[in-house]
Each structure stands twice: as structure tokens, then as C-alpha cells.
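> This is the structure, below, for whatever I ask next.
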Amino acid sequence: KAALPPYIEQIRMILNLGSVREDERIIHLGLPWRVASIGFFTTVTNPSLQGGVLRIPIRDLMGMTSREPDPKEPWFPTEKDDWVVLADGTYGKTLTQTPEQVVVLKLGGSLKTYPTADFLELSPENLSHGFRVSCTFGIDYRHQDQATENIPAQLAQMLTSALVADFGREAVRSIKVEFSEAAASSLNYRILADFDGSLGSRYQALQRRIQQICLETCNTHGWVMPFTQITVHQAEMSERIVP
């Protein structure tokens with residue numbers, strides 16, 4: 001009597017009447033899988049992984065529940081050769097991604113390997129479908145009268161012209177320059193630059209290039225760069241020492 005119910009549930013599963021059904025999505029070993037066929041050994045697949053086909057004993061499906069996937073739902077956050085940024089600061093290209101491991105090729109040629117479930121836990125940001133570079137640039141307070149209109153407009157124009165010349169119109173989606181804050185020693189601007197995913201390999205270089213263009217724009221228009229001002233106060237002596 002104790003042994004019979006599990007076999008009945010397995011038979012229901014094989015007949016596609018159980019809690020896991022064909023063409024639906026399950027989570028196994030921390031990864032999503034599509035149930036291709038159910039039998040004594042169930043075949044599951046993940047189209048985004050190399051070697052993404054597993055055979056699972058029917059008993060291992062017991063207690064699992066599948067659901068119907070959304071047509072636009074990704075099976076993995078990256079594809080092979082995508083450029084990614086991970087929560088641990090790693091930036092590189094996904095050279096290999098299998099059910100067991102993901103290998104990331106970093107700039108310079110070094111390889112970094114993650115267990116696939118650990119890679120997912122690092123919330124990979126996929127740059128290959130487009131990305132934004134955000135940075136701050138400041139000028140001196142002596143240009144306060146131009147700070148809210150002239151300067152951001154001219155910065156945006158120079159950034160757009162230079163970046164389009166460097167990478168082409170299709171690769172540069174939009175450039176925005178907004179006044180950010182009146183800081184202690186500078187008037188700061190927030191630069192928001194959106195790029196096509198084809199520039200994923202230039203992600204870090206673009207941040208440096210934007211700063212370079214901003215500096216060149218300052219030189220062109222005679223804008224002074226800020227520097228940190230330190231004021232030293234000398235307290236007056238409350239008592240004098242009489243010899």
C-alpha cells in the first residue's frame with residue numbers, strides 16, 4: 001500500500017496527466033528547462049545552452065511542477081558570444097555556456113569560469129542588445145550663467161558629433177546631457193549615452209571616450225575645469241602669552 005501511490009503518480013506523469021507536462025517549463029539544478037518528452041527517462045532541453053539536453057529519471061520529477069512558458073520568455077540571460085557585466089564586476093564575452101559552467105573571456109585574454117547556477121546568481125547584464133553609459137562631468141562655478149542651457153546643449157552636440165564620427169549613426173542611439181547638481185566646487189552634469197549592442201566590446205572604452213570629448217569641448221569653449229577648494233581657518237588665540 002505504501003509503495004503503490006508513487007508508481008501511480010509516475011504513470012500519470014508518463015501519460016502527461018501529472019504536475020509536470022510536455023512543452024512546459026521546469027526548474028532543475030537551478031536552471032530553466034523545457035520538457036521535451038516524458039517517459040521513464042524524461043528529456044528536457046534548454047536552447048540557450050551548449051549541450052543543453054538532459055535525460056532525467058521519472059522519479060526525479062516527482063514533486064516538481066511545470067508551467068506554460070511565455071513565448072518571449074528567455075531560457076537564459078545570455079547567448080554564446082554576448083558581452084556581459086556581472087555583479088562581481090567581471091566584464092567580458094560569454095565564450096562557453098553549458099548546463100555545468102559558463103566561461104567568460106575577459107579583455108586581455110584571461111578566462112573566468114563560473115558554475116552555471118552561480119553565473120545566474122550574479123545577475124548578468126547583457127550588453128549585446130543595447131546598453132547605456134552614464135557618467136558625470138563638472139565645470140567651474142564661474143560659468144554659472146550658462147550652466148542650465150548653453151553648456152548642456154553644446155556638450156550634447158559635441159558628444160553626438162564625435163561619437164557618430166567614431167562609431168556611426170546606427171551605433172549611437174541617443175545622447176542626453178542634464179544638469180545634475182551644484183556640488184561643493186563644481187557644477188555637475190549627468191551624461192546619458194545609449195548605444196547599440198554591437199559596441200558591447202567597447203563598453204569600458206566608451207566611458208573614457210566620453211570624458212575625453214567633454215574635456216575637448218571645455219578647451220574649445222574656454223570652460224574652466226573645477227578643482228577642490230580647501231579653506232583653512234586659523235582660530236584666534238583667546239589669550240596672549242606675556243613675556
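Residue numbering restarts at 1 for every chain of the C-alpha cells, chains are lettered A, B, ... in their displayed order, and ligands are numbered from 1 as they appear.
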Report as a VMD selection string all protein, DNA and RNA residues lying within 12 Å of Val85 (chain A), evaluated on only C-alpha atoms, omitting residues in the same chain fewer than 6 positions from it.

chain A and resid 77 to 78 91 to 94 104 to 106 119 to 120 122 to 128 131 200 to 201 203 to 204

> Tell me, as a short mmCIF file (atom, residue, chain, number, x, y, z; two decimals) with N, CA and C atoms, in the first residue's frame, which residues lie within 7 Å of Phe41 (chain A), counting only C-alpha atoms; anything in the same chain fewer than 3 positions away does not count.


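This is the output file out27.cif:
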```
data_model
loop_
_atom_site.label_atom_id
_atom_site.label_comp_id
_atom_site.auth_asym_id
_atom_site.auth_seq_id
_atom_site.Cartn_x
_atom_site.Cartn_y
_atom_site.Cartn_z
N ILE A 38 8.18 13.01 -21.95
CA ILE A 38 8.13 12.37 -20.64
C ILE A 38 8.06 10.86 -20.82
N ARG A 55 18.68 13.97 -19.74
CA ARG A 55 17.73 12.88 -19.51
C ARG A 55 17.59 12.71 -18.00
N ILE A 56 16.37 12.89 -17.51
CA ILE A 56 16.12 12.86 -16.07
C ILE A 56 15.25 11.65 -15.74
N PRO A 57 15.63 10.83 -14.76
CA PRO A 57 14.76 9.71 -14.35
C PRO A 57 13.39 10.23 -13.91
N ILE A 58 12.36 9.50 -14.25
CA ILE A 58 11.00 9.94 -13.95
C ILE A 58 10.81 10.20 -12.46
#
```

> Extract the full set of strand (DSSP E or B) residues from region 69-233 of chain A according to DSSP on the backbone, and format it as a PyMOL selection string.

chain A and resi 83-85+91-97+101-106+111-115+125-126+131-139+172-182+187-195

> Of the candidates A:Pro47, A:Gly168, A:Gly138, A:Gly197, which shows the shortest atom-to-atom distance to Ala183 (chain A), using only C-alpha atoms?

A:Gly138

> Between A:Ala156, A:Ala165, A:Val44, A:Leu86, which is the closest to Val177 (chain A) once you count only C-alpha atoms?

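Once distances to Val177 (chain A) are computed over only C-alpha atoms, the minimum belongs to A:Ala156.
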
> Give the helix (DSSP H, G or I) residues of region 149-234 of chain A, as assigned by DSSP on the backbone, as an MDAnalysis selection string.

chainID A and resid 150:167 197:221

> Would you save the residues from that selection as an mmCIF file, in the first residue's frame, using C-alpha atoms?


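And here's out-v3.cif as it stands now:
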```cif
data_model
loop_
_atom_site.group_PDB
_atom_site.id
_atom_site.type_symbol
_atom_site.label_atom_id
_atom_site.label_comp_id
_atom_site.auth_asym_id
_atom_site.auth_seq_id
_atom_site.Cartn_x
_atom_site.Cartn_y
_atom_site.Cartn_z
ATOM 1 C CA ASN A 150 24.106 76.702 -23.195
ATOM 2 C CA ILE A 151 26.585 74.267 -21.700
ATOM 3 C CA PRO A 152 24.426 71.099 -21.699
ATOM 4 C CA ALA A 153 23.275 71.833 -25.255
ATOM 5 C CA GLN A 154 26.821 72.326 -26.532
ATOM 6 C CA LEU A 155 28.093 69.258 -24.667
ATOM 7 C CA ALA A 156 25.333 67.122 -26.178
ATOM 8 C CA GLN A 157 26.081 68.438 -29.665
ATOM 9 C CA MET A 158 29.817 67.780 -29.393
ATOM 10 C CA LEU A 159 29.312 64.311 -27.889
ATOM 11 C CA THR A 160 26.853 63.316 -30.611
ATOM 12 C CA SER A 161 29.072 64.580 -33.440
ATOM 13 C CA ALA A 162 32.233 62.931 -32.108
ATOM 14 C CA LEU A 163 30.664 59.579 -31.200
ATOM 15 C CA VAL A 164 28.799 59.323 -34.520
ATOM 16 C CA ALA A 165 32.063 60.060 -36.316
ATOM 17 C CA ASP A 166 33.784 57.342 -34.283
ATOM 18 C CA PHE A 167 31.168 54.568 -34.475
ATOM 19 C CA GLY A 197 24.724 46.200 -28.702
ATOM 20 C CA SER A 198 27.336 45.959 -31.462
ATOM 21 C CA LEU A 199 29.532 48.201 -29.278
ATOM 22 C CA GLY A 200 29.421 45.823 -26.313
ATOM 23 C CA SER A 201 33.141 45.180 -26.677
ATOM 24 C CA ARG A 202 33.776 48.949 -26.253
ATOM 25 C CA TYR A 203 31.726 49.377 -23.070
ATOM 26 C CA GLN A 204 34.595 50.482 -20.829
ATOM 27 C CA ALA A 205 36.411 52.380 -23.583
ATOM 28 C CA LEU A 206 33.254 54.418 -24.273
ATOM 29 C CA GLN A 207 33.243 55.765 -20.718
ATOM 30 C CA ARG A 208 36.773 57.064 -21.190
ATOM 31 C CA ARG A 209 35.989 58.439 -24.654
ATOM 32 C CA ILE A 210 33.028 60.420 -23.327
ATOM 33 C CA GLN A 211 35.219 62.048 -20.667
ATOM 34 C CA GLN A 212 37.801 62.873 -23.341
ATOM 35 C CA ILE A 213 35.194 64.550 -25.572
ATOM 36 C CA CYS A 214 33.898 66.580 -22.617
ATOM 37 C CA LEU A 215 37.428 67.815 -21.875
ATOM 38 C CA GLU A 216 37.986 68.735 -25.540
ATOM 39 C CA THR A 217 34.690 70.653 -25.512
ATOM 40 C CA CYS A 218 35.869 72.616 -22.471
ATOM 41 C CA ASN A 219 39.075 73.529 -24.288
ATOM 42 C CA THR A 220 37.130 74.598 -27.379
ATOM 43 C CA HIS A 221 34.752 76.902 -25.475
#
```

> Given the choices A:Leu17, A:Ile8, A:Met64, A:Ala117, which gets closest to Gly30 (chain A) if the distance is worked out from only C-alpha atoms?

A:Ala117

> If we count only C-alpha atoms and set the cut-off at 9 Å, which residues sit around Gln50 (chain A), ignoring sequence neighbours fewer than 5 positions away in its own chain? Please answer as a PyMOL selection string.

chain A and resi 80+96-99

> I want to know what sits within 6 Å of Val35 (chain A), based on only C-alpha atoms, with residues of the same chain fewer than 6 positions away left out; could you give that as an MDAnalysis selection string?

chainID A and resid 22:24 44

> Can you tell me which residues surround Ser66 (chain A) at a distance of at most 7 Å, considering only C-alpha atoms, apart from same-chain residues fewer than 3 positions away, and format the answer as a list of chain:residue names?

A:Ser19, A:Val20, A:Arg21, A:Glu24, A:Arg25, A:Ile26

> Between A:Met62, A:Leu95, A:Leu54, A:Phe227, which one has atoms that come closest to Asp140 (chain A), using only C-alpha atoms?

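Checking each candidate against Asp140 (chain A), we get A:Phe227 as the closest.
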
> Between CA of Ile175 (chain A) and CA of Ala193 (chain A), what is the distance in Å, rounded to a tenth?

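A separation of 4.6 Å between them.
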
> Check the smallest atom-to-atom distance from each of A:Gly222, A:Gly130, A:Pro115, A:Gly18 to Leu61 (chain A) using only C-alpha atoms, then report the winner.

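Between A:Gly222, A:Gly130, A:Pro115, A:Gly18, the residue approaching Leu61 (chain A) most closely is A:Gly18.
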
> So how far away is CA of Asn46 (chain A) from CA of Trp33 (chain A), in Å?

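A separation of 5.2 Å between them.
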
> Between CA of Tyr114 (chain A) and CA of Asp82 (chain A), measure the distance and give it in Å to one decimal.

15.5 Å
